[in-house]
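Colleague: Got a file for you: structure13.cif, mmCIF, C-alpha atoms.
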```
data_structure
#
loop_
_atom_site.label_atom_id
_atom_site.label_comp_id
_atom_site.auth_asym_id
_atom_site.auth_seq_id
_atom_site.Cartn_x
_atom_site.Cartn_y
_atom_site.Cartn_z
CA MET A 1 95.90 41.70 -30.28
CA VAL A 2 92.81 43.26 -28.70
CA ARG A 3 90.31 40.67 -27.58
CA THR A 4 86.67 41.28 -28.49
CA ASP A 5 84.00 41.68 -25.83
CA VAL A 6 82.66 38.22 -26.58
CA GLN A 7 86.14 36.66 -26.23
CA LEU A 8 86.62 38.46 -22.92
CA MET A 9 83.25 37.28 -21.65
CA LEU A 10 84.00 33.69 -22.67
CA ASP A 11 87.30 33.97 -20.78
CA VAL A 12 85.41 35.22 -17.72
CA LYS A 13 83.14 32.21 -18.09
CA ALA A 14 86.25 30.00 -18.10
CA GLY A 15 87.30 31.55 -14.78
CA ASP A 16 89.62 34.35 -15.90
CA GLU A 17 88.94 37.22 -13.49
CA ALA A 18 91.37 39.53 -15.31
CA SER A 19 89.11 39.51 -18.37
CA PHE A 20 86.25 40.79 -16.24
CA GLU A 21 88.49 43.64 -15.13
CA LEU A 22 89.12 44.50 -18.80
CA LEU A 23 85.39 44.57 -19.50
CA LEU A 24 84.90 46.78 -16.47
CA GLN A 25 87.52 49.25 -17.74
CA ARG A 26 86.05 49.17 -21.24
CA TYR A 27 82.46 49.88 -20.24
CA ARG A 28 82.50 51.70 -16.92
CA THR A 29 82.40 55.21 -18.45
CA PRO A 30 79.80 54.56 -21.20
CA LEU A 31 77.55 52.74 -18.71
CA VAL A 32 77.75 55.37 -15.99
CA ASN A 33 77.09 58.13 -18.56
CA PHE A 34 74.16 56.32 -20.09
CA LEU A 35 72.63 55.66 -16.68
CA TYR A 36 73.36 59.20 -15.48
CA ARG A 37 71.52 60.62 -18.49
CA MET A 38 68.65 58.24 -17.83
CA VAL A 39 68.19 58.77 -14.09
CA ARG A 40 69.77 62.25 -13.67
CA ASN A 41 71.47 61.37 -10.43
CA ARG A 42 75.15 60.53 -10.35
CA GLU A 43 75.14 58.42 -7.21
CA GLN A 44 72.14 56.43 -8.38
CA ALA A 45 73.74 56.02 -11.82
CA GLU A 46 76.87 54.52 -10.26
CA ASP A 47 74.81 52.21 -8.07
CA LEU A 48 72.92 50.98 -11.12
CA ALA A 49 76.13 50.56 -13.14
CA GLN A 50 77.57 48.44 -10.30
CA GLU A 51 74.45 46.32 -10.40
CA VAL A 52 74.85 45.88 -14.17
CA PHE A 53 78.44 44.63 -13.76
CA LEU A 54 77.41 42.34 -10.94
CA ARG A 55 74.65 40.82 -13.05
CA VAL A 56 77.07 40.31 -15.92
CA TYR A 57 79.46 38.54 -13.55
CA ARG A 58 76.71 36.40 -12.05
CA ALA A 59 75.52 35.36 -15.51
CA ARG A 60 79.02 34.35 -16.70
CA GLU A 61 78.37 30.61 -16.28
CA ASP A 62 75.34 30.73 -18.55
CA TYR A 63 76.75 33.21 -21.05
CA VAL A 64 76.20 32.22 -24.68
CA PRO A 65 77.41 34.64 -27.34
CA SER A 66 74.12 34.65 -29.23
CA ALA A 67 74.06 38.46 -29.60
CA LYS A 68 76.53 41.32 -29.40
CA PHE A 69 77.91 41.83 -25.91
CA THR A 70 76.87 45.51 -25.95
CA THR A 71 73.28 44.52 -26.76
CA TRP A 72 73.21 42.31 -23.69
CA LEU A 73 75.00 44.83 -21.49
CA PHE A 74 72.81 47.79 -22.42
CA ARG A 75 69.70 45.68 -22.23
CA ILE A 76 70.44 44.99 -18.57
CA ALA A 77 71.29 48.66 -18.04
CA THR A 78 68.15 49.90 -19.80
CA ASN A 79 65.87 47.59 -17.84
CA LEU A 80 67.43 48.70 -14.56
CA ALA A 81 67.25 52.37 -15.56
CA LEU A 82 63.62 52.17 -16.66
CA ASN A 83 62.64 50.44 -13.40
CA SER A 84 64.57 53.00 -11.39
CA VAL A 85 62.99 55.95 -13.24
CA ARG A 86 59.53 54.51 -12.62
CA ASP A 87 60.24 53.88 -8.94
CA THR A 88 61.69 57.36 -8.47
CA ARG A 89 58.72 58.94 -10.20
CA TYR A 90 56.41 57.07 -7.85
CA GLN A 91 58.45 58.18 -4.82
CA LYS A 92 58.47 61.79 -6.05
CA LEU A 93 54.70 61.63 -6.45
CA GLU A 94 54.36 60.39 -2.86
CA LEU A 95 56.71 63.11 -1.62
CA SER A 96 54.94 65.85 -3.54
CA ILE A 97 51.67 64.90 -1.87
CA ASP A 98 53.16 64.83 1.65
CA ALA A 99 55.98 67.37 1.62
CA PRO A 100 55.69 71.15 1.66
CA VAL A 101 56.44 72.94 -1.60
CA THR A 102 60.13 73.71 -2.14
CA ILE A 103 61.73 75.92 -4.73
CA ASP A 104 63.26 74.05 -7.63
CA ALA A 105 63.37 70.66 -5.91
CA GLU A 106 64.03 69.16 -9.34
CA GLU A 107 67.48 70.71 -9.29
CA GLY A 108 68.42 69.13 -5.96
CA ASP A 109 70.90 66.86 -7.66
CA GLU A 110 72.72 69.66 -9.44
CA LYS A 111 75.99 70.71 -7.92
CA PRO A 112 76.62 74.40 -7.22
CA LEU A 113 78.29 76.26 -10.03
CA ASP A 114 81.91 75.33 -10.32
CA ILE A 115 83.63 78.00 -12.41
CA PRO A 116 87.00 76.83 -13.63
CA GLU A 117 89.85 79.30 -13.52
CA LYS A 118 90.64 78.81 -17.16
CA HIS A 119 87.37 80.52 -18.08
CA PRO A 120 88.24 84.15 -18.53
CA ASN A 121 84.64 85.21 -19.00
CA ILE A 122 82.24 84.33 -16.22
CA GLU A 123 79.26 85.52 -18.22
CA GLN A 124 80.19 83.23 -21.08
CA HIS A 125 80.50 80.36 -18.65
CA LEU A 126 77.05 81.05 -17.24
CA VAL A 127 75.57 81.14 -20.72
CA GLU A 128 77.19 77.81 -21.58
CA ASP A 129 76.00 76.34 -18.31
CA ALA A 130 72.42 77.44 -18.97
CA ARG A 131 72.66 75.99 -22.46
CA LYS A 132 73.80 72.60 -21.19
CA LYS A 133 71.10 72.64 -18.54
CA MET A 134 68.52 73.31 -21.23
CA ILE A 135 69.77 70.39 -23.32
CA ARG A 136 69.77 68.09 -20.28
CA HIS A 137 66.23 69.13 -19.40
CA ALA A 138 65.07 68.55 -22.97
CA ILE A 139 66.43 64.99 -22.84
CA GLU A 140 64.96 64.47 -19.39
CA LYS A 141 61.51 65.55 -20.56
CA LEU A 142 61.40 62.81 -23.19
CA PRO A 143 59.30 59.74 -22.36
CA GLU A 144 61.58 57.04 -20.89
CA LYS A 145 61.66 54.77 -23.92
CA GLN A 146 62.34 57.66 -26.31
CA ARG A 147 65.07 58.88 -23.98
CA ALA A 148 66.73 55.47 -23.89
CA ALA A 149 66.51 55.23 -27.70
CA VAL A 150 68.14 58.65 -28.19
CA LEU A 151 70.93 57.93 -25.69
CA LEU A 152 71.73 54.51 -27.17
CA HIS A 153 71.63 55.91 -30.69
CA LYS A 154 73.45 59.16 -30.13
CA TYR A 155 75.97 58.45 -27.39
CA GLU A 156 76.54 54.71 -27.51
CA GLU A 157 76.32 54.66 -31.30
CA LEU A 158 74.59 51.31 -31.34
CA ASP A 159 72.98 50.31 -34.62
CA TYR A 160 69.23 50.20 -35.12
CA ALA A 161 69.05 46.41 -34.85
CA GLU A 162 70.81 46.42 -31.47
CA ILE A 163 68.70 49.24 -30.04
CA ALA A 164 65.54 47.54 -31.27
CA LYS A 165 66.55 44.36 -29.44
CA ILE A 166 67.36 46.29 -26.27
CA LEU A 167 64.02 48.09 -26.31
CA LYS A 168 62.15 44.99 -27.49
CA CYS A 169 60.57 46.58 -30.55
CA SER A 170 60.87 46.32 -34.32
CA GLU A 171 63.43 48.38 -36.23
CA SER A 172 60.63 50.24 -37.95
CA ALA A 173 59.02 51.07 -34.57
CA LEU A 174 62.41 52.21 -33.30
CA LYS A 175 62.93 54.58 -36.23
CA SER A 176 59.50 56.04 -35.60
CA LEU A 177 60.33 56.36 -31.88
CA LEU A 178 63.57 58.17 -32.66
CA PHE A 179 61.85 60.49 -35.13
CA ARG A 180 59.29 61.49 -32.52
CA ALA A 181 62.03 61.99 -29.94
CA TYR A 182 64.01 64.28 -32.26
CA GLU A 183 60.82 66.16 -33.09
CA SER A 184 60.23 66.78 -29.36
CA LEU A 185 63.85 67.84 -28.90
CA ARG A 186 63.62 70.17 -31.89
CA VAL A 187 60.60 71.90 -30.37
CA GLU A 188 62.05 71.97 -26.84
CA LEU A 189 65.39 73.33 -27.99
CA ALA A 190 63.90 75.65 -30.60
CA PRO A 191 65.81 78.79 -29.47
CA LEU A 192 69.14 76.95 -29.60
CA VAL A 193 68.23 75.21 -32.85
CA ALA A 194 67.36 78.55 -34.48
CA ARG A 195 70.68 80.00 -33.33
CA ALA A 196 72.54 76.96 -34.63
CA GLY A 197 70.63 77.35 -37.96
CA GLY A 198 71.64 81.03 -38.07
CA ARG A 199 75.26 80.06 -37.47
CA ALA A 200 75.22 77.48 -40.27
CA MET B 1 59.78 59.24 -52.17
CA SER B 2 57.06 60.81 -49.98
CA CYS B 3 57.59 63.07 -46.94
CA GLU B 4 56.05 60.33 -44.73
CA LYS B 5 58.64 57.82 -45.88
CA MET B 6 61.31 60.37 -45.01
CA GLU B 7 60.40 59.99 -41.31
CA ASN B 8 62.10 56.61 -41.17
CA ARG B 9 65.19 57.77 -43.02
CA ILE B 10 65.84 61.33 -41.98
CA LEU B 11 67.81 60.47 -38.85
CA GLY B 12 69.83 57.82 -40.65
CA TYR B 13 70.61 60.43 -43.29
CA VAL B 14 71.69 62.98 -40.68
CA ASP B 15 73.98 60.41 -38.99
CA GLY B 16 75.28 58.98 -42.23
CA ARG B 17 73.93 55.49 -41.46
CA LEU B 18 71.98 54.96 -44.68
CA LYS B 19 72.95 52.59 -47.44
CA GLU B 20 74.12 54.24 -50.64
CA ASN B 21 70.88 53.65 -52.57
CA GLU B 22 68.78 54.95 -49.62
CA ARG B 23 70.95 58.05 -49.35
CA GLN B 24 70.51 58.80 -53.03
CA GLU B 25 66.72 58.45 -52.71
CA VAL B 26 66.67 60.85 -49.76
CA GLU B 27 68.80 63.42 -51.59
CA LYS B 28 66.54 63.20 -54.61
CA HIS B 29 63.57 64.01 -52.36
CA LEU B 30 65.38 66.80 -50.54
CA ALA B 31 66.21 68.46 -53.85
CA VAL B 32 62.51 69.10 -54.43
CA CYS B 33 61.11 69.35 -50.83
CA GLY B 34 61.82 72.51 -48.85
CA PRO B 35 60.11 71.43 -45.56
CA CYS B 36 62.10 68.17 -45.44
CA ARG B 37 65.31 70.09 -46.17
CA LEU B 38 64.56 72.40 -43.26
CA ARG B 39 63.84 69.42 -41.01
CA VAL B 40 67.16 67.83 -41.93
CA GLU B 41 68.93 71.04 -40.93
CA GLU B 42 67.05 71.20 -37.63
CA PHE B 43 67.77 67.57 -36.81
CA ARG B 44 71.45 68.21 -37.55
CA ALA B 45 71.32 71.13 -35.12
CA VAL B 46 69.66 68.96 -32.43
CA SER B 47 72.29 66.27 -32.94
CA GLY B 48 75.03 68.91 -32.60
CA LEU B 49 73.45 70.21 -29.38
CA LEU B 50 73.40 66.70 -27.90
CA ASP B 51 77.13 66.48 -28.61
CA GLU B 52 77.69 69.42 -26.28
CA LEU B 53 76.88 67.49 -23.14
CA PRO B 54 80.08 66.60 -21.30
CA VAL B 55 81.10 63.04 -20.52
CA ILE B 56 81.35 62.33 -16.81
CA GLU B 57 83.95 60.01 -15.30
CA PRO B 58 82.91 57.45 -12.70
CA SER B 59 84.14 58.22 -9.19
CA PRO B 60 87.40 56.57 -8.03
CA GLU B 61 85.40 54.41 -5.60
CA PHE B 62 83.32 52.96 -8.42
CA ASP B 63 85.83 50.30 -9.51
CA VAL B 64 86.63 49.44 -5.89
CA ARG B 65 82.96 48.85 -5.14
CA VAL B 66 82.43 46.70 -8.24
CA ARG B 67 85.51 44.59 -7.38
CA ALA B 68 84.28 44.19 -3.79
CA LEU B 69 80.83 43.09 -4.98
CA VAL B 70 82.33 40.55 -7.36
CA ALA B 71 84.74 39.25 -4.72
CA ALA B 72 81.82 38.75 -2.32
CA GLU B 73 80.01 36.53 -4.80
CA PRO B 74 79.87 32.88 -3.69
CA VAL B 75 81.91 30.49 -5.80
CA LYS B 76 79.59 28.49 -7.98
CA GLU B 77 80.03 24.72 -7.74
CA SER B 78 79.79 22.36 -10.67
CA TRP B 79 76.64 20.38 -11.46
CA TRP B 80 77.87 17.12 -9.90
CA SER B 81 79.60 18.65 -6.90
CA TRP B 82 76.83 17.15 -4.75
CA LEU B 83 78.57 13.81 -5.24
CA ARG B 84 81.48 15.09 -3.16
CA VAL B 85 80.19 14.26 0.32
CA SER B 86 81.32 16.53 3.12
CA PRO B 87 83.49 14.90 5.89
CA ARG B 88 80.79 15.35 8.53
CA VAL B 89 78.12 13.61 6.46
CA ALA B 90 80.59 10.82 5.55
CA PHE B 91 81.44 10.30 9.24
CA ALA B 92 77.78 10.21 10.29
CA ALA B 93 76.89 7.73 7.52
CA SER B 94 79.81 5.42 8.44
CA ALA B 95 78.89 5.52 12.15
CA LEU B 96 75.29 4.63 11.32
CA LEU B 97 76.40 1.71 9.16
CA VAL B 98 78.74 0.32 11.86
CA ALA B 99 76.00 0.67 14.51
CA SER B 100 73.48 -1.19 12.31
CA LEU B 101 75.90 -4.03 11.68
CA TRP B 102 76.80 -4.29 15.38
CA PHE B 103 73.16 -4.45 16.48
CA GLY B 104 72.50 -7.05 13.80
CA TYR B 105 75.20 -9.40 15.16
CA GLN B 106 74.33 -8.79 18.83
CA ARG B 107 70.67 -9.85 18.43
CA PRO B 108 69.72 -12.12 21.44
CA GLN B 109 69.19 -15.88 20.77
CA ASN B 110 66.17 -16.15 23.16
CA PRO B 111 63.64 -13.40 22.84
CA PRO B 112 63.01 -11.64 26.17
CA PHE B 113 59.23 -11.96 25.96
CA PRO B 114 57.22 -15.05 25.11
CA TRP B 115 55.16 -13.18 22.57
CA SER B 116 58.24 -12.26 20.66
CA ASN B 117 58.11 -15.82 19.28
CA PRO B 118 54.80 -16.11 17.39
CA VAL B 119 54.63 -19.93 17.65
CA GLU B 120 54.92 -19.88 21.47
CA ALA B 121 52.46 -17.01 21.73
CA ASP B 122 49.91 -18.99 19.73
CA ALA B 123 50.39 -22.10 21.95
CA GLN B 124 49.92 -20.01 25.09
CA MET B 125 46.72 -18.52 23.73
CA MET B 126 45.35 -21.98 22.93
CA GLN B 127 46.00 -23.03 26.57
CA ASP B 128 44.15 -19.96 27.92
CA LEU B 129 41.28 -20.31 25.51
CA PRO B 130 38.87 -22.20 27.90
CA VAL B 131 39.35 -19.54 30.57
CA LEU B 132 38.67 -16.82 28.07
CA GLU B 133 35.57 -18.64 26.84
CA ASP B 134 34.26 -19.04 30.44
CA HIS B 135 34.95 -15.43 31.30
CA ASP B 136 31.82 -14.06 29.68
CA LEU B 137 29.65 -16.80 31.18
CA LEU B 138 30.99 -16.30 34.73
CA SER B 139 30.90 -12.55 34.65
CA ASN B 140 27.20 -12.61 33.66
CA PHE B 141 26.19 -15.50 36.00
CA GLU B 142 23.35 -14.03 38.11
CA PRO B 143 23.62 -16.28 41.24
CA LEU B 144 27.28 -15.32 41.59
CA LYS B 145 26.35 -11.66 41.60
CA GLU B 146 23.93 -12.23 44.49
CA LEU B 147 26.63 -13.73 46.73
CA PRO B 148 27.78 -11.45 49.60
CA GLN B 149 31.07 -9.61 49.00
CA ALA B 150 32.47 -10.57 52.42
CA VAL B 151 34.97 -13.18 51.39
CA GLN B 152 37.79 -10.68 51.44
CA ALA B 153 36.60 -9.16 54.77
CA ASP B 154 36.53 -12.61 56.38
CA GLU B 155 40.05 -13.24 55.30
CA GLU B 156 41.12 -9.94 56.85
CA THR B 157 39.47 -10.80 60.24
CA GLU B 158 41.07 -14.26 60.22
CA SER B 159 44.48 -12.79 59.67
CA GLN B 160 43.92 -10.25 62.45
CA GLN B 161 42.92 -13.09 64.85
CA GLN B 162 46.02 -15.03 63.97
CA MET B 163 48.14 -12.00 64.81
#
```
Would you mind giving the structure from this file in structure tokens?
Modeller:
Amino acid sequence: MVRTDVQLMLDVKAGDEASFELLLQRYRTPLVNFLYRMVRNREQAEDLAQEVFLRVYRAREDYVPSAKFTTWLFRIATNLALNSVRDTRYQKLELSIDAPVTIDAEEGDEKPLDIPEKHPNIEQHLVEDARKKMIRHAIEKLPEKQRAAVLLHKYEELDYAEIAKILKCSESALKSLLFRAYESLRVELAPLVARAGGRA
Amino acid sequence: MSCEKMENRILGYVDGRLKENERQEVEKHLAVCGPCRLRVEEFRAVSGLLDELPVIEPSPEFDVRVRALVAAEPVKESWWSWLRVSPRVAFAASALLVASLWFGYQRPQNPPFPWSNPVEADAQMMQDLPVLEDHDLLSNFEPLKELPQAVQADEETESQQQM
């Protein structure tokens, strides 16, 4: 029988290290993806995800299953991500004042194009790549709280009550936040949205 | 239902998260509202676009680093672990106790100084009291001050003569 997250966490609290390993395997990919989409830097996302797991482990003694485990986990992750985004923005501002202008510094984190052999059509691959980049940029341009709401709603599939707890707002405020976020995405991705509408 | 009320429900409708009665209300509105119908289609398209982003896998070192961090965490002790005294502290406390007891038994019967016994010290002071009382009188006695200071010098000359 598969143990629930809460059962695993209570076992960790009781000193069972193997249960922590199971939680790590269960949430490593969703956490790293969520943080990657928040901070847009893979290395930083992994560092933050490690910090999340460490904090969960440190808090094991005081763990009380008062809320869903995912609410707690993503609350830690969201707080760390929001702090990191704010710090990075501040550092970028300092750098932009001091450093000489560089071309497309924003894309510094992007890896060079890696064209898999299975793609027969390079042009098609480039188009797809540009499309994904556009979607990523549209998400990145959202205000931090809206971005976190969209990621938790869309990719982690958390319910409204959980996301509202994570972002410390009411459910009604969250729905309004998500609506505004989707409105911004609709405008930002208008060319792709129109094409998708044409396809449908 | 108004278009404004749709704002709170449109995304839930797109994702299929609405309750049955809410869904029916939304569909009733969509049947008569073209702009909201268009918005639903656009939100569906946005949601589909977000699905296109690939999922990344954490690097192989990720798990290793997490395990190392967890292994490096100090073991937390229980609330009353402070009661378990370390061997060094226990040894020091025992040594102090033995030393105190030993000094207690080895205390000398006769105090080395007279003033260590308060009764004797008081008796001695009573004996010296007349001298102490005369001290002020003698030190301020004018005729004594006028006497020559040669008493000591005379003694010195006498001793030199004897030699």
Colleague: Running the PyMOL selection byres ((chain A and resi 191) around 12) on this model by hand, what would come out? Give it as a VMD selection string.
Modeller: (chain A and resid 131 134 to 135 185 to 190 192 to 198) or (chain B and resid 42 45 to 46 49)
Colleague: With C-alpha atoms retained, could you export that selection as an mmCIF file, keeping the file's coordinate frame?
Modeller:
```
data_model
loop_
_atom_site.group_PDB
_atom_site.id
_atom_site.type_symbol
_atom_site.label_atom_id
_atom_site.label_comp_id
_atom_site.auth_asym_id
_atom_site.auth_seq_id
_atom_site.Cartn_x
_atom_site.Cartn_y
_atom_site.Cartn_z
ATOM 1 C CA ARG A 131 72.660 75.990 -22.460
ATOM 2 C CA MET A 134 68.520 73.310 -21.230
ATOM 3 C CA ILE A 135 69.770 70.390 -23.320
ATOM 4 C CA LEU A 185 63.850 67.840 -28.900
ATOM 5 C CA ARG A 186 63.620 70.170 -31.890
ATOM 6 C CA VAL A 187 60.600 71.900 -30.370
ATOM 7 C CA GLU A 188 62.050 71.970 -26.840
ATOM 8 C CA LEU A 189 65.390 73.330 -27.990
ATOM 9 C CA ALA A 190 63.900 75.650 -30.600
ATOM 10 C CA LEU A 192 69.140 76.950 -29.600
ATOM 11 C CA VAL A 193 68.230 75.210 -32.850
ATOM 12 C CA ALA A 194 67.360 78.550 -34.480
ATOM 13 C CA ARG A 195 70.680 80.000 -33.330
ATOM 14 C CA ALA A 196 72.540 76.960 -34.630
ATOM 15 C CA GLY A 197 70.630 77.350 -37.960
ATOM 16 C CA GLY A 198 71.640 81.030 -38.070
ATOM 17 C CA GLU B 42 67.050 71.200 -37.630
ATOM 18 C CA ALA B 45 71.320 71.130 -35.120
ATOM 19 C CA VAL B 46 69.660 68.960 -32.430
ATOM 20 C CA LEU B 49 73.450 70.210 -29.380
#
```
Colleague: Using all atoms listed in the file, determine which residues lie at most 7 Å from segment 12-17 of chain A, disregarding the query and same-chain residues fewer than 3 positions distant; provide the list as number ranges by chain.
Modeller: A: 8-9, 20-21, 60-61
Colleague: I need the contact residues of chain B against chain A, so if you could list those with any atom within 9 Å, counting only C-alpha atoms, and return them as an MDAnalysis selection string, that would help.
Modeller: chainID B and resid 7:12 15 17 41:43 45:59 62:63 65:67 69:70 73 76
Colleague: Please identify all polymer residues within 7 Å of segment 74-89 of chain A, counting only C-alpha atoms, omitting same-chain residues fewer than 4 positions from it, and present them as a CSV table (one decimal) with C-alpha atoms, keeping the file's coordinate frame.
Modeller:
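Once written, part11.csv looks like this:
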```
chain,number,residue,atom,x,y,z
A,35,LEU,CA,72.6,55.7,-16.7
A,38,MET,CA,68.6,58.2,-17.8
A,39,VAL,CA,68.2,58.8,-14.1
A,48,LEU,CA,72.9,51.0,-11.1
A,52,VAL,CA,74.8,45.9,-14.2
A,70,THR,CA,76.9,45.5,-26.0
A,93,LEU,CA,54.7,61.6,-6.4
A,144,GLU,CA,61.6,57.0,-20.9
A,166,ILE,CA,67.4,46.3,-26.3
```
Colleague: Please indicate the distance in Å from atom CA of Lys141 of chain A to atom CA of Val40 of chain B, rounded to one decimal place.
Modeller: 22.2 Å
Colleague: Near Gln7 of chain A, counting all atoms listed in the file, which residues have an atom at most 12 Å away, once you skip same-chain residues fewer than 2 positions from it, shown as number ranges by chain?
Modeller: A: 1-5, 9-14, 16, 19-20, 22-23, 63-65, 68-69
Colleague: In Å, rounded to a single decimal, give me how far atom CA of Glu120 of chain B is from atom CA of Asp136 of chain B.
Modeller: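 Calculated distance between atom CA of Asp136 of chain B and atom CA of Glu120 of chain B is 25.2 Å.
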Colleague: Choose the residue, out of B:Lys145, B:His29, B:Arg37, B:His135, that has the smallest atom-to-atom separation from Lys5 of chain B; count all atoms listed in the file.
Modeller: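 Using all atoms listed in the file, the shortest distance to Lys5 of chain B belongs to B:His29.
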Colleague: What separation in Å, quoted to one decimal, exists between atom CA of Gln146 of chain A and atom CA of Ser170 of chain A?
Modeller: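 Value for the atom CA of Gln146 of chain A-atom CA of Ser170 of chain A distance: 14.0 Å.
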Colleague: Can segment 59-72 of chain B be brought up to N, CA and C atoms and written out as a PDB file, in the coordinates of the input?
Modeller:
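Saved as result_9.pdb:
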```pdb
ATOM      1  N   SER B  59      83.322  57.845 -10.351  1.00  0.00           N
ATOM      2  CA  SER B  59      84.140  58.220  -9.190  1.00  0.00           C
ATOM      3  C   SER B  59      85.230  57.158  -8.957  1.00  0.00           C
ATOM      4  N   PRO B  60      86.323  57.544  -8.276  1.00  0.00           N
ATOM      5  CA  PRO B  60      87.400  56.570  -8.030  1.00  0.00           C
ATOM      6  C   PRO B  60      86.925  55.347  -7.228  1.00  0.00           C
ATOM      7  N   GLU B  61      85.890  55.531  -6.416  1.00  0.00           N
ATOM      8  CA  GLU B  61      85.400  54.410  -5.600  1.00  0.00           C
ATOM      9  C   GLU B  61      84.603  53.388  -6.419  1.00  0.00           C
ATOM     10  N   PHE B  62      84.199  53.833  -7.620  1.00  0.00           N
ATOM     11  CA  PHE B  62      83.320  52.960  -8.420  1.00  0.00           C
ATOM     12  C   PHE B  62      83.937  51.579  -8.668  1.00  0.00           C
ATOM     13  N   ASP B  63      85.170  51.588  -9.186  1.00  0.00           N
ATOM     14  CA  ASP B  63      85.830  50.300  -9.510  1.00  0.00           C
ATOM     15  C   ASP B  63      86.027  49.464  -8.242  1.00  0.00           C
ATOM     16  N   VAL B  64      86.381  50.146  -7.163  1.00  0.00           N
ATOM     17  CA  VAL B  64      86.630  49.440  -5.890  1.00  0.00           C
ATOM     18  C   VAL B  64      85.356  48.724  -5.450  1.00  0.00           C
ATOM     19  N   ARG B  65      84.230  49.438  -5.573  1.00  0.00           N
ATOM     20  CA  ARG B  65      82.960  48.850  -5.140  1.00  0.00           C
ATOM     21  C   ARG B  65      82.567  47.666  -6.024  1.00  0.00           C
ATOM     22  N   VAL B  66      82.772  47.820  -7.326  1.00  0.00           N
ATOM     23  CA  VAL B  66      82.430  46.700  -8.240  1.00  0.00           C
ATOM     24  C   VAL B  66      83.294  45.482  -7.900  1.00  0.00           C
ATOM     25  N   ARG B  67      84.606  45.725  -7.699  1.00  0.00           N
ATOM     26  CA  ARG B  67      85.510  44.590  -7.380  1.00  0.00           C
ATOM     27  C   ARG B  67      85.093  43.926  -6.069  1.00  0.00           C
ATOM     28  N   ALA B  68      84.688  44.746  -5.090  1.00  0.00           N
ATOM     29  CA  ALA B  68      84.280  44.190  -3.790  1.00  0.00           C
ATOM     30  C   ALA B  68      83.014  43.337  -3.951  1.00  0.00           C
ATOM     31  N   LEU B  69      82.078  43.838  -4.752  1.00  0.00           N
ATOM     32  CA  LEU B  69      80.830  43.090  -4.980  1.00  0.00           C
ATOM     33  C   LEU B  69      81.110  41.745  -5.650  1.00  0.00           C
ATOM     34  N   VAL B  70      81.995  41.785  -6.628  1.00  0.00           N
ATOM     35  CA  VAL B  70      82.330  40.550  -7.360  1.00  0.00           C
ATOM     36  C   VAL B  70      83.075  39.574  -6.451  1.00  0.00           C
ATOM     37  N   ALA B  71      83.974  40.117  -5.629  1.00  0.00           N
ATOM     38  CA  ALA B  71      84.740  39.250  -4.720  1.00  0.00           C
ATOM     39  C   ALA B  71      83.831  38.593  -3.683  1.00  0.00           C
ATOM     40  N   ALA B  72      82.741  39.284  -3.333  1.00  0.00           N
ATOM     41  CA  ALA B  72      81.820  38.750  -2.320  1.00  0.00           C
ATOM     42  C   ALA B  72      80.882  37.688  -2.879  1.00  0.00           C
TER      43      ALA B  72
END
```
